[in-house]
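Structure file start22.txt (compact mmCIF, N, CA and C atoms) is printed below.
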# COMPACT_ATOMS: atom_id res chain seq x y z
N MET A 1 54.58 56.13 -117.39
CA MET A 1 55.07 56.57 -116.11
C MET A 1 55.51 58.03 -116.19
N TYR A 2 56.09 58.42 -117.30
CA TYR A 2 56.52 59.80 -117.48
C TYR A 2 55.32 60.73 -117.39
N ASP A 3 54.16 60.32 -117.88
CA ASP A 3 52.94 61.14 -117.84
C ASP A 3 52.50 61.37 -116.39
N GLN A 4 52.67 60.37 -115.52
CA GLN A 4 52.29 60.53 -114.12
C GLN A 4 53.18 61.55 -113.42
N LEU A 5 54.47 61.54 -113.71
CA LEU A 5 55.39 62.49 -113.10
C LEU A 5 55.15 63.90 -113.61
N LYS A 6 54.72 64.05 -114.85
CA LYS A 6 54.46 65.35 -115.44
C LYS A 6 53.31 66.06 -114.72
N ASN A 7 52.31 65.30 -114.26
CA ASN A 7 51.15 65.88 -113.60
C ASN A 7 51.35 66.08 -112.10
N MET A 8 52.45 65.60 -111.54
CA MET A 8 52.71 65.70 -110.11
C MET A 8 53.18 67.12 -109.75
N ASP A 9 52.72 67.58 -108.62
CA ASP A 9 53.12 68.90 -108.11
C ASP A 9 54.59 68.83 -107.67
N SER A 10 55.39 69.79 -108.04
CA SER A 10 56.81 69.78 -107.71
C SER A 10 57.07 69.88 -106.21
N ARG A 11 56.13 70.44 -105.44
CA ARG A 11 56.30 70.55 -103.99
C ARG A 11 56.36 69.18 -103.32
N GLU A 12 55.71 68.18 -103.93
CA GLU A 12 55.72 66.83 -103.35
C GLU A 12 57.12 66.25 -103.38
N ILE A 13 57.93 66.65 -104.32
CA ILE A 13 59.30 66.14 -104.42
C ILE A 13 60.23 66.95 -103.52
N GLU A 14 60.00 68.24 -103.40
CA GLU A 14 60.88 69.13 -102.66
C GLU A 14 60.70 69.05 -101.15
N LEU A 15 59.49 68.82 -100.68
CA LEU A 15 59.20 68.80 -99.24
C LEU A 15 59.56 67.44 -98.64
N PRO A 16 60.07 67.41 -97.42
CA PRO A 16 60.39 66.13 -96.77
C PRO A 16 59.11 65.35 -96.47
N GLU A 17 59.27 64.09 -96.14
CA GLU A 17 58.13 63.24 -95.84
C GLU A 17 57.36 63.76 -94.63
N THR A 18 56.10 63.50 -94.62
CA THR A 18 55.24 63.92 -93.52
C THR A 18 55.52 63.05 -92.30
N VAL A 19 55.56 63.68 -91.14
CA VAL A 19 55.74 62.97 -89.89
C VAL A 19 54.41 62.99 -89.15
N PHE A 20 53.96 61.81 -88.77
CA PHE A 20 52.70 61.71 -88.05
C PHE A 20 53.00 61.52 -86.56
N ILE A 21 52.35 62.33 -85.74
CA ILE A 21 52.59 62.29 -84.30
C ILE A 21 51.26 62.04 -83.60
N ARG A 22 51.31 61.18 -82.59
CA ARG A 22 50.11 60.88 -81.81
C ARG A 22 50.49 61.02 -80.34
N ASP A 23 49.82 61.92 -79.65
CA ASP A 23 50.04 62.09 -78.21
C ASP A 23 48.80 61.63 -77.46
N ILE A 24 49.04 60.99 -76.35
CA ILE A 24 47.94 60.54 -75.50
C ILE A 24 48.14 61.17 -74.13
N ASP A 25 47.15 61.92 -73.68
CA ASP A 25 47.24 62.61 -72.41
C ASP A 25 47.17 61.61 -71.25
N THR A 26 47.75 61.99 -70.14
CA THR A 26 47.78 61.15 -68.95
C THR A 26 46.38 60.78 -68.48
N ARG A 27 45.43 61.70 -68.64
CA ARG A 27 44.04 61.41 -68.22
C ARG A 27 43.47 60.21 -68.96
N VAL A 28 43.87 60.02 -70.20
CA VAL A 28 43.39 58.87 -70.97
C VAL A 28 43.90 57.58 -70.35
N PHE A 29 45.18 57.55 -70.00
CA PHE A 29 45.74 56.37 -69.35
C PHE A 29 45.08 56.13 -68.00
N GLN A 30 44.81 57.20 -67.26
CA GLN A 30 44.15 57.05 -65.98
C GLN A 30 42.74 56.48 -66.14
N ALA A 31 42.03 56.95 -67.15
CA ALA A 31 40.68 56.44 -67.40
C ALA A 31 40.71 54.97 -67.79
N ILE A 32 41.68 54.59 -68.62
CA ILE A 32 41.83 53.18 -69.00
C ILE A 32 42.14 52.34 -67.76
N ALA A 33 43.04 52.84 -66.92
CA ALA A 33 43.40 52.12 -65.69
C ALA A 33 42.19 51.99 -64.77
N LEU A 34 41.40 53.04 -64.64
CA LEU A 34 40.21 52.99 -63.79
C LEU A 34 39.24 51.92 -64.28
N GLN A 35 39.03 51.88 -65.60
CA GLN A 35 38.12 50.88 -66.16
C GLN A 35 38.68 49.46 -65.93
N ALA A 36 39.97 49.29 -66.09
CA ALA A 36 40.60 47.99 -65.87
C ALA A 36 40.48 47.57 -64.40
N LEU A 37 40.74 48.51 -63.49
CA LEU A 37 40.67 48.21 -62.06
C LEU A 37 39.23 47.92 -61.62
N ALA A 38 38.26 48.53 -62.28
CA ALA A 38 36.86 48.30 -61.92
C ALA A 38 36.44 46.86 -62.18
N LYS A 39 37.13 46.18 -63.07
CA LYS A 39 36.80 44.79 -63.41
C LYS A 39 37.41 43.79 -62.43
N ILE A 40 38.22 44.28 -61.50
CA ILE A 40 38.94 43.40 -60.58
C ILE A 40 38.30 43.49 -59.19
N GLU A 41 37.90 42.36 -58.68
CA GLU A 41 37.27 42.33 -57.35
C GLU A 41 38.33 42.33 -56.26
N GLY A 42 37.99 42.93 -55.12
CA GLY A 42 38.84 42.86 -53.94
C GLY A 42 39.87 43.96 -53.82
N ILE A 43 39.78 44.99 -54.67
CA ILE A 43 40.71 46.12 -54.56
C ILE A 43 39.93 47.42 -54.58
N GLY A 44 40.59 48.51 -54.17
CA GLY A 44 39.98 49.83 -54.18
C GLY A 44 41.04 50.90 -54.35
N LEU A 45 40.61 52.08 -54.74
CA LEU A 45 41.53 53.20 -54.89
C LEU A 45 41.85 53.79 -53.53
N LEU A 46 42.83 54.69 -53.51
CA LEU A 46 43.28 55.26 -52.25
C LEU A 46 42.24 56.14 -51.58
N GLU A 47 41.70 57.11 -52.31
CA GLU A 47 40.72 58.02 -51.74
C GLU A 47 39.39 57.83 -52.43
N GLY A 48 38.31 58.02 -51.67
CA GLY A 48 37.01 57.83 -52.26
C GLY A 48 36.87 56.37 -52.62
N ASN A 49 35.88 56.09 -53.44
CA ASN A 49 35.81 54.71 -53.91
C ASN A 49 35.92 54.69 -55.42
N LEU A 50 36.09 53.53 -55.95
CA LEU A 50 36.31 53.35 -57.39
C LEU A 50 35.14 53.89 -58.20
N PHE A 51 33.93 53.73 -57.69
CA PHE A 51 32.75 54.15 -58.43
C PHE A 51 32.65 55.67 -58.55
N ASP A 52 33.10 56.40 -57.53
CA ASP A 52 33.14 57.86 -57.63
C ASP A 52 34.03 58.29 -58.79
N SER A 53 35.17 57.66 -58.92
CA SER A 53 36.10 57.99 -60.00
C SER A 53 35.50 57.63 -61.36
N LEU A 54 34.87 56.48 -61.43
CA LEU A 54 34.28 56.05 -62.70
C LEU A 54 33.13 56.97 -63.13
N LEU A 55 32.42 57.50 -62.15
CA LEU A 55 31.29 58.39 -62.46
C LEU A 55 31.73 59.82 -62.71
N GLY A 56 33.03 60.08 -62.62
CA GLY A 56 33.53 61.40 -62.94
C GLY A 56 33.49 62.38 -61.79
N ARG A 57 33.32 61.91 -60.60
CA ARG A 57 33.26 62.81 -59.45
C ARG A 57 34.63 63.34 -59.07
N GLU A 58 35.70 62.65 -59.50
CA GLU A 58 37.07 63.09 -59.25
C GLU A 58 37.77 63.28 -60.59
N VAL A 59 37.26 64.16 -61.39
CA VAL A 59 37.73 64.30 -62.76
C VAL A 59 39.12 64.94 -62.84
N GLU A 60 39.40 65.90 -61.99
CA GLU A 60 40.65 66.66 -62.11
C GLU A 60 41.89 65.83 -61.91
N ARG A 61 41.89 65.00 -60.89
CA ARG A 61 43.11 64.24 -60.60
C ARG A 61 42.72 62.90 -59.99
N VAL A 62 43.29 61.86 -60.51
CA VAL A 62 43.06 60.53 -59.96
C VAL A 62 44.27 60.18 -59.11
N LYS A 63 44.05 60.08 -57.82
CA LYS A 63 45.16 59.79 -56.92
C LYS A 63 45.50 58.31 -57.00
N GLY A 64 46.80 58.05 -57.11
CA GLY A 64 47.26 56.68 -57.09
C GLY A 64 47.48 56.04 -58.45
N ILE A 65 47.27 56.78 -59.54
CA ILE A 65 47.56 56.25 -60.87
C ILE A 65 48.50 57.23 -61.56
N ASN A 66 49.75 56.82 -61.73
CA ASN A 66 50.76 57.67 -62.36
C ASN A 66 51.28 57.00 -63.62
N VAL A 67 51.48 57.82 -64.66
CA VAL A 67 51.91 57.29 -65.95
C VAL A 67 53.09 58.11 -66.45
N ILE A 68 54.11 57.41 -66.95
CA ILE A 68 55.26 58.07 -67.58
C ILE A 68 55.38 57.51 -69.00
N GLN A 69 55.34 58.43 -69.97
CA GLN A 69 55.45 58.01 -71.37
C GLN A 69 56.86 58.22 -71.88
N ASP A 70 57.33 57.29 -72.70
CA ASP A 70 58.61 57.41 -73.38
C ASP A 70 58.31 57.51 -74.87
N GLN A 71 58.35 58.75 -75.40
CA GLN A 71 58.00 58.98 -76.80
C GLN A 71 58.94 58.28 -77.77
N LYS A 72 60.21 58.20 -77.43
CA LYS A 72 61.19 57.60 -78.33
C LYS A 72 60.99 56.10 -78.47
N LYS A 73 60.65 55.45 -77.38
CA LYS A 73 60.49 53.99 -77.40
C LYS A 73 59.03 53.57 -77.61
N HIS A 74 58.12 54.55 -77.70
CA HIS A 74 56.68 54.27 -77.84
C HIS A 74 56.21 53.32 -76.75
N SER A 75 56.58 53.66 -75.52
CA SER A 75 56.20 52.81 -74.40
C SER A 75 55.69 53.67 -73.24
N VAL A 76 55.14 52.99 -72.27
CA VAL A 76 54.56 53.68 -71.12
C VAL A 76 54.86 52.86 -69.86
N GLU A 77 55.10 53.57 -68.76
CA GLU A 77 55.27 52.96 -67.45
C GLU A 77 54.07 53.36 -66.60
N ILE A 78 53.51 52.39 -65.90
CA ILE A 78 52.32 52.65 -65.09
C ILE A 78 52.62 52.30 -63.65
N ARG A 79 52.18 53.18 -62.76
CA ARG A 79 52.34 52.94 -61.32
C ARG A 79 50.97 53.15 -60.67
N VAL A 80 50.45 52.12 -60.02
CA VAL A 80 49.15 52.24 -59.37
C VAL A 80 49.29 51.93 -57.89
N GLU A 81 48.62 52.73 -57.09
CA GLU A 81 48.56 52.53 -55.65
C GLU A 81 47.12 52.18 -55.31
N ILE A 82 46.95 51.01 -54.70
CA ILE A 82 45.60 50.53 -54.42
C ILE A 82 45.53 49.95 -53.01
N ASN A 83 44.31 49.76 -52.57
CA ASN A 83 44.03 49.07 -51.31
C ASN A 83 43.49 47.69 -51.66
N ILE A 84 43.69 46.74 -50.76
CA ILE A 84 43.26 45.37 -51.03
C ILE A 84 42.39 44.86 -49.87
N LEU A 85 41.40 44.06 -50.21
CA LEU A 85 40.50 43.49 -49.23
C LEU A 85 41.25 42.46 -48.39
N TYR A 86 41.02 42.51 -47.10
CA TYR A 86 41.68 41.59 -46.17
C TYR A 86 41.36 40.15 -46.57
N GLY A 87 42.40 39.29 -46.58
CA GLY A 87 42.21 37.88 -46.86
C GLY A 87 42.54 37.48 -48.29
N ILE A 88 42.80 38.44 -49.14
CA ILE A 88 43.13 38.13 -50.54
C ILE A 88 44.64 37.98 -50.68
N ASN A 89 45.06 37.01 -51.46
CA ASN A 89 46.48 36.75 -51.69
C ASN A 89 47.08 37.90 -52.49
N ILE A 90 48.01 38.62 -51.90
CA ILE A 90 48.58 39.84 -52.52
C ILE A 90 49.36 39.53 -53.80
N PRO A 91 50.27 38.54 -53.83
CA PRO A 91 50.98 38.28 -55.08
C PRO A 91 50.06 37.92 -56.25
N GLU A 92 49.03 37.11 -55.98
CA GLU A 92 48.09 36.75 -57.04
C GLU A 92 47.31 37.96 -57.54
N LYS A 93 46.89 38.82 -56.61
CA LYS A 93 46.12 40.01 -56.99
C LYS A 93 47.01 40.99 -57.75
N ALA A 94 48.28 41.11 -57.36
CA ALA A 94 49.22 41.98 -58.08
C ALA A 94 49.37 41.51 -59.52
N GLU A 95 49.51 40.21 -59.71
CA GLU A 95 49.65 39.67 -61.06
C GLU A 95 48.39 39.93 -61.89
N GLU A 96 47.23 39.76 -61.28
CA GLU A 96 45.97 40.02 -61.99
C GLU A 96 45.87 41.49 -62.41
N VAL A 97 46.21 42.40 -61.50
CA VAL A 97 46.19 43.84 -61.80
C VAL A 97 47.16 44.16 -62.93
N GLN A 98 48.36 43.64 -62.84
CA GLN A 98 49.38 43.93 -63.86
C GLN A 98 48.97 43.41 -65.23
N GLU A 99 48.48 42.18 -65.28
CA GLU A 99 48.07 41.60 -66.56
C GLU A 99 46.91 42.39 -67.18
N ARG A 100 45.96 42.78 -66.36
CA ARG A 100 44.79 43.51 -66.86
C ARG A 100 45.20 44.87 -67.40
N LEU A 101 46.08 45.57 -66.68
CA LEU A 101 46.53 46.88 -67.13
C LEU A 101 47.32 46.79 -68.43
N VAL A 102 48.23 45.83 -68.52
CA VAL A 102 49.02 45.66 -69.75
C VAL A 102 48.10 45.36 -70.93
N GLU A 103 47.17 44.46 -70.73
CA GLU A 103 46.26 44.06 -71.80
C GLU A 103 45.43 45.25 -72.30
N ASP A 104 44.80 45.98 -71.38
CA ASP A 104 43.92 47.08 -71.77
C ASP A 104 44.68 48.26 -72.36
N VAL A 105 45.79 48.65 -71.74
CA VAL A 105 46.55 49.81 -72.25
C VAL A 105 47.15 49.49 -73.61
N SER A 106 47.71 48.31 -73.78
CA SER A 106 48.30 47.93 -75.07
C SER A 106 47.25 47.88 -76.16
N LYS A 107 46.12 47.27 -75.84
CA LYS A 107 45.05 47.12 -76.84
C LYS A 107 44.47 48.46 -77.27
N LEU A 108 44.26 49.36 -76.31
CA LEU A 108 43.58 50.62 -76.60
C LEU A 108 44.49 51.72 -77.12
N THR A 109 45.78 51.68 -76.78
CA THR A 109 46.67 52.77 -77.19
C THR A 109 47.69 52.36 -78.25
N GLY A 110 47.93 51.07 -78.38
CA GLY A 110 48.94 50.60 -79.32
C GLY A 110 50.37 50.79 -78.81
N LEU A 111 50.51 51.17 -77.54
CA LEU A 111 51.82 51.39 -76.95
C LEU A 111 52.27 50.17 -76.15
N HIS A 112 53.57 49.98 -76.08
CA HIS A 112 54.15 48.92 -75.26
C HIS A 112 54.14 49.37 -73.81
N VAL A 113 53.73 48.50 -72.92
CA VAL A 113 53.77 48.80 -71.49
C VAL A 113 55.07 48.21 -70.96
N SER A 114 56.02 49.08 -70.65
CA SER A 114 57.35 48.62 -70.24
C SER A 114 57.38 48.17 -68.79
N SER A 115 56.53 48.74 -67.93
CA SER A 115 56.47 48.28 -66.54
C SER A 115 55.14 48.65 -65.91
N VAL A 116 54.72 47.81 -64.98
CA VAL A 116 53.53 48.08 -64.17
C VAL A 116 53.94 47.85 -62.73
N HIS A 117 53.95 48.92 -61.96
CA HIS A 117 54.35 48.88 -60.55
C HIS A 117 53.09 49.00 -59.71
N VAL A 118 52.76 47.95 -58.98
CA VAL A 118 51.58 47.93 -58.12
C VAL A 118 52.03 48.08 -56.68
N ILE A 119 51.47 49.07 -56.01
CA ILE A 119 51.79 49.33 -54.60
C ILE A 119 50.51 49.16 -53.79
N PHE A 120 50.54 48.22 -52.86
CA PHE A 120 49.40 48.03 -51.97
C PHE A 120 49.61 48.93 -50.75
N LYS A 121 48.72 49.91 -50.59
CA LYS A 121 48.90 50.92 -49.55
C LYS A 121 48.18 50.59 -48.25
N ASP A 122 47.08 49.86 -48.33
CA ASP A 122 46.31 49.62 -47.11
C ASP A 122 45.42 48.39 -47.30
N ILE A 123 44.90 47.92 -46.18
CA ILE A 123 43.98 46.78 -46.16
C ILE A 123 42.56 47.33 -46.00
N ILE A 124 41.64 46.80 -46.78
CA ILE A 124 40.22 47.13 -46.64
C ILE A 124 39.60 46.04 -45.77
N HIS A 125 39.01 46.44 -44.67
CA HIS A 125 38.37 45.47 -43.78
C HIS A 125 36.95 45.22 -44.26
N PRO A 126 36.49 43.98 -44.17
CA PRO A 126 35.13 43.66 -44.63
C PRO A 126 34.05 44.54 -43.99
N SER A 127 34.27 45.00 -42.77
CA SER A 127 33.27 45.86 -42.11
C SER A 127 33.16 47.21 -42.81
N GLU A 128 34.25 47.69 -43.41
CA GLU A 128 34.21 48.95 -44.15
C GLU A 128 33.36 48.83 -45.40
N ILE A 129 33.41 47.69 -46.06
CA ILE A 129 32.61 47.48 -47.27
C ILE A 129 31.14 47.46 -46.91
N ALA A 130 30.79 46.78 -45.82
CA ALA A 130 29.40 46.71 -45.40
C ALA A 130 28.85 48.10 -45.08
N SER A 131 29.64 48.95 -44.42
CA SER A 131 29.16 50.29 -44.09
C SER A 131 29.03 51.15 -45.34
N GLU A 132 29.92 51.00 -46.33
CA GLU A 132 29.81 51.74 -47.59
C GLU A 132 28.56 51.32 -48.36
N GLU A 133 28.26 50.01 -48.37
CA GLU A 133 27.07 49.52 -49.06
C GLU A 133 25.81 50.06 -48.39
N ASP A 134 25.79 50.13 -47.06
CA ASP A 134 24.64 50.68 -46.34
C ASP A 134 24.44 52.14 -46.70
N GLU A 135 25.53 52.92 -46.77
CA GLU A 135 25.45 54.33 -47.14
C GLU A 135 24.95 54.49 -48.57
N SER A 136 25.38 53.63 -49.46
CA SER A 136 24.94 53.69 -50.86
C SER A 136 23.45 53.41 -50.96
N LYS A 137 22.97 52.43 -50.20
CA LYS A 137 21.54 52.11 -50.22
C LYS A 137 20.73 53.27 -49.68
N GLU A 138 21.18 53.90 -48.58
CA GLU A 138 20.49 55.05 -48.00
C GLU A 138 20.43 56.20 -48.99
N GLY A 139 21.54 56.45 -49.71
CA GLY A 139 21.58 57.52 -50.70
C GLY A 139 20.65 57.24 -51.86
N ALA A 140 20.55 55.98 -52.28
CA ALA A 140 19.65 55.62 -53.37
C ALA A 140 18.18 55.77 -52.95
N GLU A 141 17.88 55.40 -51.71
CA GLU A 141 16.52 55.56 -51.20
C GLU A 141 16.16 57.03 -51.10
N PHE A 142 17.12 57.86 -50.67
CA PHE A 142 16.89 59.29 -50.55
C PHE A 142 16.61 59.90 -51.92
N GLU A 143 17.41 59.54 -52.93
CA GLU A 143 17.21 60.07 -54.28
C GLU A 143 15.90 59.58 -54.88
N ALA A 144 15.54 58.33 -54.60
CA ALA A 144 14.30 57.77 -55.15
C ALA A 144 13.08 58.44 -54.52
N GLY A 145 13.21 58.97 -53.31
CA GLY A 145 12.11 59.61 -52.62
C GLY A 145 11.69 60.93 -53.24
N TYR A 146 12.54 61.54 -54.03
CA TYR A 146 12.19 62.83 -54.64
C TYR A 146 11.61 62.66 -55.98
Before we go any further, please render this structure as structure tokens.
Amino acid sequence: MYDQLKNMDSREIELPETVFIRDIDTRVFQAIALQALAKIEGIGLLEGNLFDSLLGREVERVKGINVIQDQKKHSVEIRVEINILYGINIPEKAEEVQERLVEDVSKLTGLHVSSVHVIFKDIIHPSEIASEEDESKEGAEFEAGY
């Protein structure tokens, strides 16, 4: 054992232990939340549609997904504002959203999710979905024509 200490660099004894720090930017949490929300039927984001956000069309700022990190407690608070399809049970959908967000954020970041606040801002009427689908089909036909 004395031979091992003889070959050790003296700086290893004099310098304090290394501190490892890991920071996760808010955009990462927003992207995780977007992916989690995309798996849930009957909800939508505040502006634009969920698919625009997933395709990166709203890269700078995702409206309706706010994250607060607590570095000392290694935890995160998530607040999402969403719209819900008319006729869906709001308490059940809130629970589904909360469980999905906690599961995905915890699994992917290793952080504890201390709270998930879901705010339902508006009702999506079935007629709005039909008109969005028609517009999507028209856009796909237009792109396919070139």
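Closest approach to Asn83 of chain A from the set A:Lys121, A:Arg27, A:Arg22, A:Lys63 is made by A:Lys121, with distances taken over all atoms listed in the file.
Among the candidates A:Leu46, A:Ile124, A:Leu111, A:Ile40, the one nearest to Gln71 of chain A when counting only C-alpha atoms is A:Leu111.
The gap separating atom C of Glu17 of chain A from atom N of Ile68 of chain A is 28.6 Å, in Å to one decimal.
Nearest to Leu37 of chain A of all the residues A:Ile78, A:Ile119, A:Leu108, A:Leu101 is A:Leu101, based on only N, CA and C atoms.
Using only N, CA and C atoms, the smallest distance between any of A:Asp70, A:Ala36, A:Glu77, A:Ile43 and His117 of chain A comes from A:Glu77.
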- Can you tell me how far atom CA of Ser75 of chain A sits from atom N of Ser114 of chain A, in Å to one decimal? 5.3 Å
